[in-house]
file model-v2.json (JSON, C-alpha atoms)
[["chain", "number", "residue", "atom", "x", "y", "z"],
["C", 1, "MET", "CA", 1.62, -1.65, -75.17],
["C", 2, "ALA", "CA", 4.20, -2.77, -72.63],
["C", 3, "SER", "CA", 5.02, -0.68, -69.66],
["C", 4, "ARG", "CA", 8.52, 0.26, -68.73],
["C", 5, "VAL", "CA", 10.47, -2.35, -66.70],
["C", 6, "THR", "CA", 11.81, -1.20, -63.32],
["C", 7, "LEU", "CA", 14.33, -2.79, -60.99],
["C", 8, "GLN", "CA", 11.53, -4.15, -58.76],
["C", 9, "GLN", "CA", 10.03, -6.17, -61.62],
["C", 10, "ALA", "CA", 11.26, -9.46, -62.96],
["C", 11, "LEU", "CA", 12.59, -9.39, -66.50],
["C", 12, "GLY", "CA", 10.05, -10.42, -69.09],
["C", 13, "THR", "CA", 7.01, -9.10, -67.25],
["C", 14, "ASP", "CA", 5.26, -5.79, -67.00],
["C", 15, "GLY", "CA", 4.12, -6.44, -63.40],
["C", 16, "SER", "CA", 0.53, -7.34, -64.19],
["C", 17, "ASP", "CA", 0.90, -11.03, -63.31],
["C", 18, "PHE", "CA", 0.33, -10.47, -59.56],
["C", 19, "GLN", "CA", -3.11, -12.09, -59.69],
["C", 20, "HIS", "CA", -1.55, -15.49, -60.30],
["C", 21, "ARG", "CA", 0.89, -15.37, -57.40],
["C", 22, "GLN", "CA", 0.34, -17.13, -54.11],
["C", 23, "LYS", "CA", -1.17, -15.17, -51.25],
["C", 24, "VAL", "CA", -0.46, -15.45, -47.54],
["C", 25, "ALA", "CA", -3.25, -17.31, -45.77],
["C", 26, "THR", "CA", -5.56, -15.12, -43.73],
["C", 27, "HIS", "CA", -4.89, -16.86, -40.42],
["C", 28, "TYR", "CA", -1.15, -16.20, -40.81],
["C", 29, "GLN", "CA", -1.81, -12.51, -41.43],
["C", 30, "ILE", "CA", -4.13, -12.32, -38.41],
["C", 31, "SER", "CA", -1.60, -14.17, -36.28],
["C", 32, "ALA", "CA", 1.29, -11.88, -37.21],
["C", 33, "MET", "CA", -0.76, -8.73, -36.67],
["C", 34, "ASN", "CA", -2.12, -9.82, -33.28],
["C", 35, "LYS", "CA", 1.27, -11.04, -32.07],
["C", 36, "SER", "CA", 2.69, -7.59, -32.70],
["C", 37, "ARG", "CA", -0.22, -5.87, -31.00],
["C", 38, "LEU", "CA", -0.06, -8.21, -28.01],
["C", 39, "LYS", "CA", 3.64, -7.40, -27.58],
["C", 40, "TYR", "CA", 2.76, -3.69, -27.51],
["C", 41, "CYS", "CA", 0.18, -4.41, -24.81],
["C", 42, "MET", "CA", 2.84, -6.17, -22.78],
["C", 43, "VAL", "CA", 5.12, -3.13, -23.13],
["C", 44, "PHE", "CA", 2.33, -0.89, -21.83],
["C", 45, "HIS", "CA", 1.83, -3.35, -18.98],
["C", 46, "TYR", "CA", 5.52, -2.87, -18.08],
["C", 47, "VAL", "CA", 5.00, 0.92, -18.12],
["C", 48, "LEU", "CA", 2.02, 0.62, -15.76],
["C", 49, "PHE", "CA", 4.06, -1.70, -13.56],
["C", 50, "SER", "CA", 6.77, 0.94, -13.25],
["C", 51, "VAL", "CA", 4.13, 3.47, -12.15],
["C", 52, "MET", "CA", 2.79, 1.02, -9.57],
["C", 53, "LEU", "CA", 6.31, 0.21, -8.40],
["C", 54, "ALA", "CA", 6.98, 3.91, -7.87],
["C", 55, "LYS", "CA", 3.84, 4.08, -5.73],
["C", 56, "LEU", "CA", 4.85, 0.99, -3.75],
["C", 57, "SER", "CA", 8.47, 2.08, -3.32],
["C", 58, "ALA", "CA", 7.82, 3.79, 0.02],
["C", 59, "ASP", "CA", 6.29, 0.64, 1.50],
["C", 60, "ILE", "CA", 8.95, -1.63, 0.02],
["C", 61, "LEU", "CA", 11.74, 0.55, 1.40],
["C", 62, "ASP", "CA", 10.05, 0.64, 4.83],
["C", 63, "ARG", "CA", 9.89, -3.15, 4.88],
["C", 64, "LEU", "CA", 13.60, -3.28, 4.04],
["C", 65, "ASN", "CA", 14.38, -0.71, 6.77],
["C", 66, "ILE", "CA", 15.78, 1.73, 4.23],
["C", 67, "PHE", "CA", 15.08, 5.37, 5.02],
["C", 68, "ILE", "CA", 15.11, 7.93, 2.21],
["C", 69, "LEU", "CA", 13.97, 11.31, 3.41],
["C", 70, "GLU", "CA", 12.65, 12.52, 0.03],
["C", 71, "ILE", "CA", 10.36, 9.51, -0.32],
["C", 72, "GLU", "CA", 9.19, 9.71, 3.30],
["C", 73, "GLU", "CA", 8.27, 13.38, 2.84],
["C", 74, "LEU", "CA", 5.84, 12.46, 0.05],
["C", 75, "GLN", "CA", 3.64, 10.75, 2.65],
["C", 76, "ILE", "CA", 2.44, 8.13, 0.20],
["C", 77, "PRO", "CA", -0.59, 6.26, 1.60],
["C", 78, "GLN", "CA", -0.09, 2.67, 2.69],
["C", 79, "PRO", "CA", -0.74, 0.21, -0.15],
["C", 80, "LEU", "CA", -3.62, -2.21, -0.19],
["C", 81, "TRP", "CA", -3.27, -5.92, -0.96],
["C", 82, "TRP", "CA", -4.72, -5.55, -4.45],
["C", 83, "GLU", "CA", -1.75, -3.39, -5.52],
["C", 84, "TYR", "CA", 0.74, -6.17, -4.79],
["C", 85, "ILE", "CA", -1.47, -8.80, -6.43],
["C", 86, "TRP", "CA", -1.76, -6.65, -9.55],
["C", 87, "CYS", "CA", 2.06, -6.39, -9.68],
["C", 88, "ILE", "CA", 2.28, -10.18, -9.89],
["C", 89, "SER", "CA", 0.38, -10.02, -13.19],
["C", 90, "LEU", "CA", 3.49, -8.58, -14.85],
["C", 91, "PHE", "CA", 5.28, -11.89, -14.45],
["C", 92, "LEU", "CA", 2.66, -13.52, -16.66],
["C", 93, "SER", "CA", 4.40, -11.93, -19.63],
["C", 94, "PHE", "CA", 7.14, -14.53, -19.10],
["C", 95, "LEU", "CA", 4.45, -17.09, -19.90],
["C", 96, "GLY", "CA", 2.83, -15.09, -22.72],
["C", 97, "LEU", "CA", 5.93, -14.13, -24.72],
["C", 98, "PRO", "CA", 7.15, -17.69, -25.30],
["C", 99, "ALA", "CA", 3.57, -18.72, -26.07],
["C", 100, "ILE", "CA", 3.24, -16.21, -28.90],
["C", 101, "LYS", "CA", 6.72, -16.99, -30.17],
["C", 102, "THR", "CA", 6.03, -20.72, -30.47],
["C", 103, "ASN", "CA", 2.23, -20.59, -31.07],
["C", 104, "LYS", "CA", 1.43, -22.61, -27.93],
["C", 105, "ILE", "CA", -2.32, -22.57, -27.43],
["C", 106, "LYS", "CA", -2.22, -24.05, -23.92],
["C", 107, "SER", "CA", 0.33, -21.48, -22.66],
["C", 108, "LEU", "CA", -1.63, -18.61, -24.20],
["C", 109, "LYS", "CA", -4.81, -19.81, -22.48],
["C", 110, "GLN", "CA", -2.94, -19.93, -19.16],
["C", 111, "TYR", "CA", -1.67, -16.41, -19.82],
["C", 112, "MET", "CA", -5.21, -15.18, -20.48],
["C", 113, "ILE", "CA", -6.57, -16.84, -17.33],
["C", 114, "GLY", "CA", -3.74, -15.31, -15.31],
["C", 115, "ILE", "CA", -4.45, -11.84, -16.70],
["C", 116, "VAL", "CA", -8.11, -12.18, -15.76],
["C", 117, "ILE", "CA", -7.32, -13.34, -12.21],
["C", 118, "LEU", "CA", -4.22, -11.30, -11.37],
["C", 119, "GLY", "CA", -4.79, -8.28, -13.62],
["C", 120, "VAL", "CA", -8.50, -7.69, -14.09],
["C", 121, "GLY", "CA", -9.55, -9.04, -10.66],
["C", 122, "PRO", "CA", -7.56, -6.53, -8.58],
["C", 123, "ILE", "CA", -8.58, -3.72, -10.92],
["C", 124, "LEU", "CA", -12.25, -4.57, -10.41],
["C", 125, "TYR", "CA", -11.71, -4.66, -6.67],
["C", 126, "ALA", "CA", -10.05, -1.23, -6.75],
["C", 127, "THR", "CA", -12.90, 0.16, -8.86],
["C", 128, "ILE", "CA", -15.41, -0.92, -6.24],
["C", 129, "TYR", "CA", -13.20, 0.09, -3.31],
["C", 130, "TYR", "CA", -12.67, 3.69, -4.50],
["C", 131, "PHE", "CA", -16.14, 4.16, -6.01],
["C", 132, "LYS", "CA", -17.62, 5.87, -2.94],
["C", 133, "ASP", "CA", -14.83, 8.47, -2.76],
["C", 134, "VAL", "CA", -14.93, 9.16, -6.49],
["C", 135, "TYR", "CA", -18.71, 9.42, -6.55],
["C", 136, "GLU", "CA", -18.74, 11.75, -3.55],
["C", 137, "TYR", "CA", -16.03, 13.96, -5.07],
["C", 138, "LEU", "CA", -17.76, 14.15, -8.45],
["C", 139, "MET", "CA", -21.15, 14.96, -6.94],
["C", 140, "ASP", "CA", -20.07, 17.45, -4.26],
["C", 141, "GLY", "CA", -16.58, 18.50, -5.27],
["C", 142, "ASP", "CA", -15.81, 18.58, -1.58],
["C", 143, "LYS", "CA", -12.59, 16.95, -0.36],
["C", 144, "ALA", "CA", -13.50, 17.04, 3.32],
["C", 145, "ASN", "CA", -14.90, 13.50, 3.60],
["C", 146, "ILE", "CA", -12.59, 11.69, 1.19],
["C", 147, "GLN", "CA", -8.97, 10.59, 1.24],
["C", 148, "VAL", "CA", -6.66, 13.21, -0.27],
["C", 149, "TRP", "CA", -2.99, 12.93, -1.27],
["C", 150, "GLN", "CA", -0.96, 16.06, -2.11],
["C", 151, "GLY", "CA", -4.22, 17.99, -2.51],
["C", 152, "TYR", "CA", -5.71, 15.56, -5.04],
["C", 153, "PRO", "CA", -8.57, 13.13, -4.39],
["C", 154, "TYR", "CA", -6.88, 9.77, -3.96],
["C", 155, "GLY", "CA", -9.71, 7.73, -5.49],
["C", 156, "VAL", "CA", -9.76, 9.85, -8.65],
["C", 157, "LEU", "CA", -6.01, 9.33, -9.06],
["C", 158, "TRP", "CA", -6.55, 5.60, -8.77],
["C", 159, "TYR", "CA", -9.35, 5.75, -11.31],
["C", 160, "GLY", "CA", -6.87, 7.20, -13.81],
["C", 161, "PHE", "CA", -4.63, 4.19, -13.25],
["C", 162, "ILE", "CA", -7.61, 1.84, -13.37],
["C", 163, "LEU", "CA", -8.71, 3.28, -16.71],
["C", 164, "ALA", "CA", -5.28, 2.76, -18.26],
["C", 165, "ALA", "CA", -4.86, -0.73, -16.78],
["C", 166, "SER", "CA", -8.31, -1.87, -17.84],
["C", 167, "GLN", "CA", -7.60, -0.77, -21.40],
["C", 168, "VAL", "CA", -4.28, -2.60, -21.45],
["C", 169, "HIS", "CA", -5.82, -5.77, -20.01],
["C", 170, "GLY", "CA", -8.86, -5.53, -22.27],
["C", 171, "PHE", "CA", -6.76, -5.22, -25.41],
["C", 172, "THR", "CA", -4.42, -7.94, -24.15],
["C", 173, "LEU", "CA", -7.32, -10.35, -23.79],
["C", 174, "TYR", "CA", -8.81, -9.31, -27.14],
["C", 175, "PHE", "CA", -5.56, -9.83, -29.07],
["C", 176, "SER", "CA", -4.88, -13.09, -27.23],
["C", 177, "TYR", "CA", -8.35, -14.33, -28.14],
["C", 178, "ASN", "CA", -7.76, -13.41, -31.80],
["C", 179, "LEU", "CA", -4.49, -15.35, -31.72],
["C", 180, "LEU", "CA", -6.23, -18.38, -30.25],
["C", 181, "MET", "CA", -8.86, -18.31, -32.98],
["C", 182, "ALA", "CA", -6.23, -17.93, -35.73],
["C", 183, "TRP", "CA", -4.12, -20.77, -34.33],
["C", 184, "GLN", "CA", -7.12, -23.06, -33.91],
["C", 185, "ASN", "CA", -8.27, -22.33, -37.47],
["C", 186, "ARG", "CA", -4.80, -23.19, -38.73],
["C", 187, "ARG", "CA", -4.78, -26.51, -36.90],
["C", 188, "SER", "CA", -8.25, -27.43, -38.15],
["C", 189, "ASN", "CA", -7.29, -26.77, -41.80]]
call {"tool": "encode", "arguments": {"input": "model-v2.json", "output": "structure tokens"}}
result
Amino acid sequence: MASRVTLQQALGTDGSDFQHRQKVATHYQISAMNKSRLKYCMVFHYVLFSVMLAKLSADILDRLNIFILEIEELQIPQPLWWEYIWCISLFLSFLGLPAIKTNKIKSLKQYMIGIVILGVGPILYATIYYFKDVYEYLMDGDKANIQVWQGYPYGVLWYGFILAASQVHGFTLYFSYNLLMAWQNRRSN
């Protein structure tokens, strides 16, 4: 008994011949999926960069001798060196995007190394730097001995950023590693 032919089916077939068609190789599927996910991670990295840039805006404007009263009234604490180093990690996306577009293993490895050094390194430093304040606030709940900004414990605010950034960098490295494995499997076949 033949089934009814639809517009999606070729004439002369009932659609049951799919088992004999060619399939996309697994490494191509993995590559396409991880490329897309890595691009999303880069977008989230840009979002985190905009948050960091907003935090650094007071210091940047001070260095440029630009005075904006509304920003000065926020009394944003002076930035530490790790904040500027972390911002440099955004520019690695200009190395990573062409690498995933052209399947360049060497460029993707350089991108991953850069993320570890300029992204994960400063985040680890910040985790250690603010640990004492966060621990003291969580154990005592007292804000007397810790740095506070706008009534909020400064270290806890940074830990929120650190959590988001570590997830973005962790997924970035995971998807980059999956791409490397898929590309190396393709070249060995």
call {"tool": "closest_residue", "arguments": {"input": "model-v2.json", "among": "C:Cys41, C:Leu64, C:Ala58, C:Ile105", "to": "Gln184 (chain C)", "atoms": "only C-alpha atoms"}}
result
C:Ile105
call {"tool": "closest_residue", "arguments": {"input": "model-v2.json", "among": "C:Ile146, C:Ile117, C:Val168, C:Ala99", "to": "Asp133 (chain C)", "atoms": "all atoms listed in the file"}}
result
C:Ile146
call {"tool": "residues_around", "arguments": {"input": "model-v2.json", "residues": "Ser176 (chain C)", "least_positions_apart": "5", "cutoff": "10 Å", "atoms": "only C-alpha atoms", "output": "PyMOL selection string"}}
result
chain C and resi 31+34-35+37-38+96+100+105+108-109+111-112+170-171+181-182
call {"tool": "residues_around", "arguments": {"input": "model-v2.json", "residues": "Tyr137 (chain C)", "least_positions_apart": "5", "cutoff": "9 Å", "atoms": "only C-alpha atoms", "output": "list in words"}}
result
Lys132, Asp142, Lys143, Asn145, Ile146, Pro153, Gly155 and Val156 of chain C
call {"tool": "closest_residue", "arguments": {"input": "model-v2.json", "among": "C:Tyr130, C:Ile115, C:Tyr84, C:Ser93", "to": "Leu157 (chain C)", "atoms": "all atoms listed in the file"}}
result
C:Tyr130
call {"tool": "closest_residue", "arguments": {"input": "model-v2.json", "among": "C:Leu179, C:Leu56, C:Ile128, C:Ala165", "to": "Asn103 (chain C)", "atoms": "all atoms listed in the file"}}
result
C:Leu179
call {"tool": "atom_distance", "arguments": {"input": "model-v2.json", "atom1": "CA of Pro98 (chain C)", "atom2": "CA of Gln29 (chain C)"}}
result
19.2 Å
call {"tool": "closest_residue", "arguments": {"input": "model-v2.json", "among": "C:Tyr154, C:Phe175, C:Trp86, C:Trp149", "to": "Glu73 (chain C)", "atoms": "all atoms listed in the file"}}
result
C:Trp149
call {"tool": "residues_around", "arguments": {"input": "model-v2.json", "residues": "Lys55 (chain C)", "least_positions_apart": "3", "cutoff": "12 Å", "atoms": "all atoms listed in the file", "output": "PyMOL selection string"}}
result
chain C and resi 48-52+58-61+71-72+74-80+83-84+87+157-158+161
call {"tool": "atom_distance", "arguments": {"input": "model-v2.json", "atom1": "CA of Tyr28 (chain C)", "atom2": "CA of His169 (chain C)"}}
result
23.7 Å
call {"tool": "atom_distance", "arguments": {"input": "model-v2.json", "atom1": "CA of Trp81 (chain C)", "atom2": "CA of Tyr152 (chain C)"}}
result
22.0 Å
call {"tool": "closest_residue", "arguments": {"input": "model-v2.json", "among": "C:Thr127, C:Asn65, C:Thr172, C:Gln110", "to": "Val43 (chain C)", "atoms": "all atoms listed in the file"}}
result
C:Thr172
call {"tool": "decode", "arguments": {"input": "model-v2.json", "residues": "region 111-148 of chain C", "atoms": "N, CA and C atoms", "output": "tab-separated table (two decimals), in the first residue's frame"}}
result
chain	number	residue	atom	x	y	z
C	111	TYR	N	43.93	31.34	20.42
C	111	TYR	CA	42.76	31.95	21.06
C	111	TYR	C	42.52	31.33	22.43
C	112	MET	N	42.61	30.00	22.51
C	112	MET	CA	42.38	29.31	23.78
C	112	MET	C	43.45	29.69	24.82
C	113	ILE	N	44.70	29.75	24.39
C	113	ILE	CA	45.78	30.13	25.30
C	113	ILE	C	45.57	31.56	25.79
C	114	GLY	N	45.17	32.44	24.89
C	114	GLY	CA	44.90	33.82	25.27
C	114	GLY	C	43.77	33.94	26.27
C	115	ILE	N	42.71	33.16	26.08
C	115	ILE	CA	41.58	33.18	27.02
C	115	ILE	C	42.03	32.70	28.39
C	116	VAL	N	42.86	31.69	28.42
C	116	VAL	CA	43.35	31.19	29.72
C	116	VAL	C	44.20	32.27	30.41
C	117	ILE	N	45.09	32.91	29.67
C	117	ILE	CA	45.99	33.89	30.28
C	117	ILE	C	45.29	35.20	30.59
C	118	LEU	N	44.57	35.76	29.62
C	118	LEU	CA	43.99	37.09	29.78
C	118	LEU	C	42.56	37.09	30.32
C	119	GLY	N	41.89	35.95	30.26
C	119	GLY	CA	40.52	35.86	30.76
C	119	GLY	C	40.43	35.14	32.09
C	120	VAL	N	40.91	33.91	32.11
C	120	VAL	CA	40.80	33.09	33.32
C	120	VAL	C	41.80	33.55	34.39
C	121	GLY	N	43.00	33.94	33.99
C	121	GLY	CA	44.02	34.38	34.94
C	121	GLY	C	43.56	35.54	35.82
C	122	PRO	N	43.11	36.65	35.22
C	122	PRO	CA	42.63	37.75	36.05
C	122	PRO	C	41.41	37.39	36.91
C	123	ILE	N	40.56	36.53	36.39
C	123	ILE	CA	39.39	36.10	37.17
C	123	ILE	C	39.82	35.30	38.40
C	124	LEU	N	40.82	34.44	38.22
C	124	LEU	CA	41.34	33.69	39.38
C	124	LEU	C	41.97	34.63	40.40
C	125	TYR	N	42.70	35.62	39.90
C	125	TYR	CA	43.30	36.59	40.80
C	125	TYR	C	42.22	37.32	41.60
C	126	ALA	N	41.16	37.76	40.92
C	126	ALA	CA	40.08	38.48	41.59
C	126	ALA	C	39.38	37.59	42.61
C	127	THR	N	39.23	36.32	42.29
C	127	THR	CA	38.60	35.38	43.23
C	127	THR	C	39.41	35.32	44.52
C	128	ILE	N	40.71	35.22	44.40
C	128	ILE	CA	41.56	35.16	45.58
C	128	ILE	C	41.59	36.51	46.30
C	129	TYR	N	41.66	37.60	45.55
C	129	TYR	CA	41.76	38.93	46.12
C	129	TYR	C	40.54	39.28	46.97
C	130	TYR	N	39.35	38.96	46.50
C	130	TYR	CA	38.12	39.32	47.20
C	130	TYR	C	37.60	38.22	48.14
C	131	PHE	N	38.32	37.10	48.22
C	131	PHE	CA	37.85	35.99	49.04
C	131	PHE	C	37.68	36.36	50.51
C	132	LYS	N	38.63	37.09	51.06
C	132	LYS	CA	38.57	37.44	52.49
C	132	LYS	C	37.32	38.25	52.80
C	133	ASP	N	37.04	39.27	51.96
C	133	ASP	CA	35.85	40.10	52.19
C	133	ASP	C	34.56	39.29	52.05
C	134	VAL	N	34.50	38.45	51.05
C	134	VAL	CA	33.29	37.65	50.81
C	134	VAL	C	33.09	36.66	51.95
C	135	TYR	N	34.17	36.01	52.35
C	135	TYR	CA	34.08	35.04	53.44
C	135	TYR	C	33.62	35.72	54.73
C	136	GLU	N	34.22	36.87	55.03
C	136	GLU	CA	33.86	37.59	56.25
C	136	GLU	C	32.40	38.04	56.21
C	137	TYR	N	31.95	38.51	55.06
C	137	TYR	CA	30.56	38.95	54.94
C	137	TYR	C	29.59	37.77	55.07
C	138	LEU	N	29.92	36.65	54.47
C	138	LEU	CA	29.03	35.49	54.54
C	138	LEU	C	28.98	34.87	55.93
C	139	MET	N	30.10	34.92	56.66
C	139	MET	CA	30.12	34.34	57.99
C	139	MET	C	29.50	35.25	59.04
C	140	ASP	N	29.79	36.55	58.97
C	140	ASP	CA	29.31	37.49	59.99
C	140	ASP	C	28.10	38.29	59.54
C	141	GLY	N	28.04	38.59	58.26
C	141	GLY	CA	26.99	39.47	57.77
C	141	GLY	C	27.23	40.92	58.12
C	142	ASP	N	28.39	41.18	58.68
C	142	ASP	CA	28.73	42.54	59.11
C	142	ASP	C	29.52	43.24	58.01
C	143	LYS	N	29.14	44.47	57.70
C	143	LYS	CA	29.82	45.24	56.65
C	143	LYS	C	30.85	46.20	57.20
C	144	ALA	N	31.11	46.15	58.49
C	144	ALA	CA	32.00	47.12	59.12
C	144	ALA	C	33.45	46.97	58.67
C	145	ASN	N	33.92	45.76	58.48
C	145	ASN	CA	35.34	45.53	58.19
C	145	ASN	C	35.63	45.25	56.72
C	146	ILE	N	34.63	45.38	55.86
C	146	ILE	CA	34.84	45.08	54.45
C	146	ILE	C	34.53	46.31	53.61
C	147	GLN	N	35.01	46.27	52.37
C	147	GLN	CA	34.76	47.38	51.45
C	147	GLN	C	33.31	47.32	50.97
C	148	VAL	N	32.64	48.47	51.02
C	148	VAL	CA	31.23	48.56	50.64
C	148	VAL	C	31.09	49.64	49.57
